[in-house]
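Novice: Following this message is one structure expressed as structure tokens.
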Amino acid sequence: MHLQPVYDLFQQNLFDVASSESLFNLYRDRVNHLDVNDAASIRQENLRAYLAAYDKAPPLFLLAEAPGPWGCRFSGVPITAEAQLVDPDFPIDGAPTSREKEPHTEYSAGIFWRVLQPVFPHFFVWNSVPLHPHDPGEPLSIRNPRRTEVRTWERLTSNLLDLLQPERIVGIGRKAERAVKEIGVDVTYVRHPSQGGATKFTHGIADIVDQLGLPAANRAR
């Protein structure tokens, strides 16, 4: 696997971090009534499969905010839902980890990959906080990461950028943009695709892809 050093970075700095009452480490832990018995190890393997899709470091790095409750929380791959991982036309193979009869889908993940699948594997996407932030006692809720939580993971983001050495770094949403600025790196902002941002996200990504001379991103709304 060409990106084995990236997997090693995650293994050393992420996989063993304990969950808290409001941050869930999907790569270490499980919730009995939500996750299958070996969910954490499956999500690690899904992440490995994501990294194995690359034969070289990609020129475009995208930073999102944090895992959502219906996407990365169960898939282990940023801005990706279980249903996508089991789709034979999807470029990454993986397995579901939820106890639901049908794999979870996620609105933002659908938009993200509709736009960017033509560009894969020329981009890499990660989260500024790789744990799922939720309200205490509500494991499938979503909350904005606190600034202290983002700062906790700044070193991991910085080390990841050092390994990948991308030509362009993009923050998906203002919070992700700020997370990159905090480590002193130039960043381009694009609108997050959720909450009415799909069109601006689509055109923002397409412009960046054009500037880098990558395969054309899908401009369809």
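In the structure tokens, the first chain shown is A, the next is B, and so on; residue numbers restart at 1 for each chain, and ligands run from 1 in the order shown.
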Please provide as a list of chain:residue names all residues within 12 Å of A:Lys175, with the sequence filter that same-chain residues fewer than 5 positions apart are discarded (counting only C-alpha atoms).
Specialist: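 Returned residues: A:Leu63, A:Ala64, A:Glu65, A:Ala66, A:Asn127, A:Ser128, A:Val129, A:Asn144, A:Pro145, A:Arg146, A:Arg147, A:Glu149, A:Val150, A:Arg151, A:Val170, A:Val180, A:Lys181, A:Glu182, A:Val187, A:Tyr189, A:Val190, A:Arg191, A:His192.
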Novice: Could you write out, as an MDAnalysis selection string, all the residues of stretch 98-129 of chain A that DSSP marks as helix (DSSP H, G or I)?
Specialist: chainID A and resid 107:119
Novice: Can I get the selected residues back with C-alpha atoms, as a JSON list (two decimals), in the first residue's frame?
Specialist:
[["chain", "number", "residue", "atom", "x", "y", "z"],
["A", 107, "TYR", "CA", -26.94, 13.36, 2.25],
["A", 108, "SER", "CA", -23.58, 15.16, 2.33],
["A", 109, "ALA", "CA", -21.71, 12.00, 1.34],
["A", 110, "GLY", "CA", -24.00, 11.56, -1.65],
["A", 111, "ILE", "CA", -23.30, 15.08, -2.90],
["A", 112, "PHE", "CA", -19.59, 14.88, -2.13],
["A", 113, "TRP", "CA", -18.99, 11.72, -4.15],
["A", 114, "ARG", "CA", -21.35, 12.68, -6.95],
["A", 115, "VAL", "CA", -19.08, 15.68, -7.53],
["A", 116, "LEU", "CA", -15.71, 14.14, -6.75],
["A", 117, "GLN", "CA", -15.87, 10.50, -7.83],
["A", 118, "PRO", "CA", -14.67, 11.43, -11.36],
["A", 119, "VAL", "CA", -11.59, 12.94, -9.73]]
Novice: Which is closest to A:His132 among A:Phe24, A:Phe74, A:Tyr54, A:Trp153, if we use only C-alpha atoms?
Specialist: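 Nearest candidate to A:His132 out of A:Phe24, A:Phe74, A:Tyr54, A:Trp153: A:Phe24.
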Novice: To one decimal in Å, tell me the separation between atom CA of A:Leu160 and atom CA of A:Arg30.
Specialist: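 Interatomic distance, atom CA of A:Leu160 to atom CA of A:Arg30: 25.6 Å.
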Novice: Do you know which residues are at most 12 Å from A:Asn159 counting only C-alpha atoms, after dropping those on the same chain fewer than 3 positions away, and could you put them as a list in words?
Specialist: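 Once the nearby chain positions are removed, what remains is Pro5, Val6, Tyr7, Asp8, Leu9, Phe10, Gln12, Asn13, Trp153, Glu154, Arg155, Leu156, Asp162, Leu163, Leu164, Gln165 and Ile183 of chain A.
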Novice: Restricting the output to N, CA and C atoms, write the selected residues as an mmCIF file, in the first residue's frame.
Specialist:
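Written file, again_24.cif:
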data_model
loop_
_atom_site.group_PDB
_atom_site.id
_atom_site.type_symbol
_atom_site.label_atom_id
_atom_site.label_comp_id
_atom_site.auth_asym_id
_atom_site.auth_seq_id
_atom_site.Cartn_x
_atom_site.Cartn_y
_atom_site.Cartn_z
ATOM 1 N N PRO A 5 2.512 4.718 5.230
ATOM 2 C CA PRO A 5 2.898 5.652 6.295
ATOM 3 C C PRO A 5 1.718 6.435 6.868
ATOM 4 N N VAL A 6 0.698 6.710 6.047
ATOM 5 C CA VAL A 6 -0.489 7.399 6.535
ATOM 6 C C VAL A 6 -1.264 6.487 7.468
ATOM 7 N N TYR A 7 -1.423 5.221 7.070
ATOM 8 C CA TYR A 7 -2.110 4.269 7.952
ATOM 9 C C TYR A 7 -1.351 4.121 9.268
ATOM 10 N N ASP A 8 -0.027 4.056 9.190
ATOM 11 C CA ASP A 8 0.783 3.962 10.409
ATOM 12 C C ASP A 8 0.570 5.173 11.308
ATOM 13 N N LEU A 9 0.466 6.346 10.703
ATOM 14 C CA LEU A 9 0.215 7.571 11.460
ATOM 15 C C LEU A 9 -1.103 7.464 12.215
ATOM 16 N N PHE A 10 -2.143 7.000 11.535
ATOM 17 C CA PHE A 10 -3.443 6.842 12.179
ATOM 18 C C PHE A 10 -3.386 5.776 13.273
ATOM 19 N N GLN A 12 -0.900 4.880 15.098
ATOM 20 C CA GLN A 12 -0.119 5.330 16.244
ATOM 21 C C GLN A 12 -0.778 6.452 17.029
ATOM 22 N N ASN A 13 -1.594 7.271 16.361
ATOM 23 C CA ASN A 13 -2.095 8.490 16.996
ATOM 24 C C ASN A 13 -3.606 8.562 17.159
ATOM 25 N N TRP A 153 -6.242 17.842 17.642
ATOM 26 C CA TRP A 153 -5.894 17.041 16.462
ATOM 27 C C TRP A 153 -5.095 17.818 15.424
ATOM 28 N N GLU A 154 -4.638 19.022 15.773
ATOM 29 C CA GLU A 154 -3.863 19.808 14.820
ATOM 30 C C GLU A 154 -2.566 19.116 14.417
ATOM 31 N N ARG A 155 -1.917 18.480 15.364
ATOM 32 C CA ARG A 155 -0.653 17.814 15.038
ATOM 33 C C ARG A 155 -0.880 16.670 14.053
ATOM 34 N N LEU A 156 -1.948 15.904 14.231
ATOM 35 C CA LEU A 156 -2.236 14.825 13.287
ATOM 36 C C LEU A 156 -2.476 15.385 11.886
ATOM 37 N N ASP A 162 2.298 16.752 5.973
ATOM 38 C CA ASP A 162 3.727 16.538 5.730
ATOM 39 C C ASP A 162 3.968 15.269 4.922
ATOM 40 N N LEU A 163 3.174 14.239 5.196
ATOM 41 C CA LEU A 163 3.329 12.981 4.470
ATOM 42 C C LEU A 163 2.824 13.090 3.025
ATOM 43 N N LEU A 164 1.692 13.765 2.843
ATOM 44 C CA LEU A 164 1.064 13.805 1.522
ATOM 45 C C LEU A 164 1.645 14.892 0.615
ATOM 46 N N GLN A 165 2.074 16.007 1.209
ATOM 47 C CA GLN A 165 2.637 17.120 0.435
ATOM 48 C C GLN A 165 1.740 17.517 -0.746
ATOM 49 N N ILE A 183 -2.818 25.917 11.670
ATOM 50 C CA ILE A 183 -1.505 25.267 11.617
ATOM 51 C C ILE A 183 -0.569 25.969 10.635
#
Novice: So that I can check the surroundings of A:Gly213, please list as a VMD selection string every protein, DNA and RNA residue that reaches within 12 Å of it, counting only C-alpha atoms and ignoring chain neighbours fewer than 5 positions away.
Specialist: chain A and resid 59 to 60 119 122 167 to 168 206 to 208
Novice: Selected residues, N, CA, C and O atoms, written as an mmCIF file, in the first residue's frame, please.
Specialist:
data_model
loop_
_atom_site.group_PDB
_atom_site.id
_atom_site.type_symbol
_atom_site.label_atom_id
_atom_site.label_comp_id
_atom_site.auth_asym_id
_atom_site.auth_seq_id
_atom_site.Cartn_x
_atom_site.Cartn_y
_atom_site.Cartn_z
ATOM 1 N N PRO A 59 -2.652 15.186 -5.417
ATOM 2 C CA PRO A 59 -2.305 16.610 -5.371
ATOM 3 C C PRO A 59 -3.290 17.481 -4.598
ATOM 4 O O PRO A 59 -2.961 18.602 -4.234
ATOM 5 N N LEU A 60 -4.494 16.974 -4.357
ATOM 6 C CA LEU A 60 -5.536 17.771 -3.720
ATOM 7 C C LEU A 60 -5.894 17.174 -2.366
ATOM 8 O O LEU A 60 -6.206 15.983 -2.264
ATOM 9 N N VAL A 119 -12.934 12.443 -10.017
ATOM 10 C CA VAL A 119 -11.590 12.944 -9.733
ATOM 11 C C VAL A 119 -10.761 11.938 -8.933
ATOM 12 O O VAL A 119 -9.540 12.025 -8.876
ATOM 13 N N HIS A 122 -7.359 11.359 -7.199
ATOM 14 C CA HIS A 122 -6.491 12.539 -7.238
ATOM 15 C C HIS A 122 -6.740 13.493 -6.085
ATOM 16 O O HIS A 122 -6.191 14.600 -6.070
ATOM 17 N N GLU A 167 -0.540 19.694 -3.474
ATOM 18 C CA GLU A 167 -0.382 20.977 -4.156
ATOM 19 C C GLU A 167 -1.406 22.004 -3.670
ATOM 20 O O GLU A 167 -1.121 23.196 -3.634
ATOM 21 N N ARG A 168 -2.602 21.550 -3.355
ATOM 22 C CA ARG A 168 -3.685 22.452 -2.942
ATOM 23 C C ARG A 168 -4.399 21.862 -1.732
ATOM 24 O O ARG A 168 -4.675 20.663 -1.692
ATOM 25 N N ALA A 206 -15.292 22.216 -8.643
ATOM 26 C CA ALA A 206 -15.009 22.143 -10.079
ATOM 27 C C ALA A 206 -13.971 23.178 -10.492
ATOM 28 O O ALA A 206 -13.081 22.891 -11.315
ATOM 29 N N ASP A 207 -14.045 24.373 -9.925
ATOM 30 C CA ASP A 207 -13.059 25.411 -10.247
ATOM 31 C C ASP A 207 -11.654 24.997 -9.795
ATOM 32 O O ASP A 207 -10.674 25.194 -10.533
ATOM 33 N N ILE A 208 -11.561 24.419 -8.609
ATOM 34 C CA ILE A 208 -10.259 23.985 -8.089
ATOM 35 C C ILE A 208 -9.693 22.853 -8.936
ATOM 36 O O ILE A 208 -8.500 22.831 -9.267
#
Novice: Step one, run DSSP on the backbone; step two, keep only residues of stretch 27-64 of chain A assigned to strand (DSSP E); then write them as a PyMOL selection string.
Specialist: chain A and resi 60-64
Novice: With all heavy atoms retained, write the just-selected residues as a short mmCIF file (atom, residue, chain, number, x, y, z; two decimals), in the first residue's frame.
Specialist:
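Written file, part.cif:
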data_model
loop_
_atom_site.label_atom_id
_atom_site.label_comp_id
_atom_site.auth_asym_id
_atom_site.auth_seq_id
_atom_site.Cartn_x
_atom_site.Cartn_y
_atom_site.Cartn_z
N LEU A 60 -4.49 16.97 -4.36
CA LEU A 60 -5.54 17.77 -3.72
C LEU A 60 -5.89 17.17 -2.37
O LEU A 60 -6.21 15.98 -2.26
CB LEU A 60 -6.77 17.82 -4.62
CG LEU A 60 -8.02 18.54 -4.08
CD1 LEU A 60 -7.73 19.99 -3.77
CD2 LEU A 60 -9.17 18.43 -5.09
N PHE A 61 -5.86 18.01 -1.33
CA PHE A 61 -6.21 17.58 0.03
C PHE A 61 -7.44 18.37 0.48
O PHE A 61 -7.45 19.61 0.43
CB PHE A 61 -5.05 17.84 0.99
CG PHE A 61 -5.33 17.43 2.41
CD1 PHE A 61 -5.05 16.14 2.84
CD2 PHE A 61 -5.85 18.33 3.32
CE1 PHE A 61 -5.29 15.76 4.16
CE2 PHE A 61 -6.10 17.97 4.63
CZ PHE A 61 -5.82 16.68 5.05
N LEU A 62 -8.45 17.65 0.90
CA LEU A 62 -9.69 18.26 1.38
C LEU A 62 -9.86 17.97 2.87
O LEU A 62 -9.77 16.81 3.28
CB LEU A 62 -10.89 17.68 0.62
CG LEU A 62 -10.85 17.77 -0.90
CD1 LEU A 62 -11.92 16.89 -1.52
CD2 LEU A 62 -11.03 19.21 -1.36
N LEU A 63 -10.09 19.00 3.64
CA LEU A 63 -10.32 18.82 5.07
C LEU A 63 -11.76 19.16 5.40
O LEU A 63 -12.23 20.27 5.12
CB LEU A 63 -9.38 19.70 5.91
CG LEU A 63 -9.40 19.39 7.41
CD1 LEU A 63 -8.74 18.04 7.70
CD2 LEU A 63 -8.71 20.49 8.21
N ALA A 64 -12.47 18.20 5.97
CA ALA A 64 -13.82 18.42 6.46
C ALA A 64 -13.77 18.65 7.96
O ALA A 64 -12.70 18.78 8.55
CB ALA A 64 -14.72 17.24 6.10
#
Novice: Find the distance between atom CA of A:Tyr27 and atom CA of A:Ala40 and write it in Å to one decimal.
Specialist: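 According to the coordinates, atom CA of A:Tyr27 and atom CA of A:Ala40 are separated by 4.7 Å.
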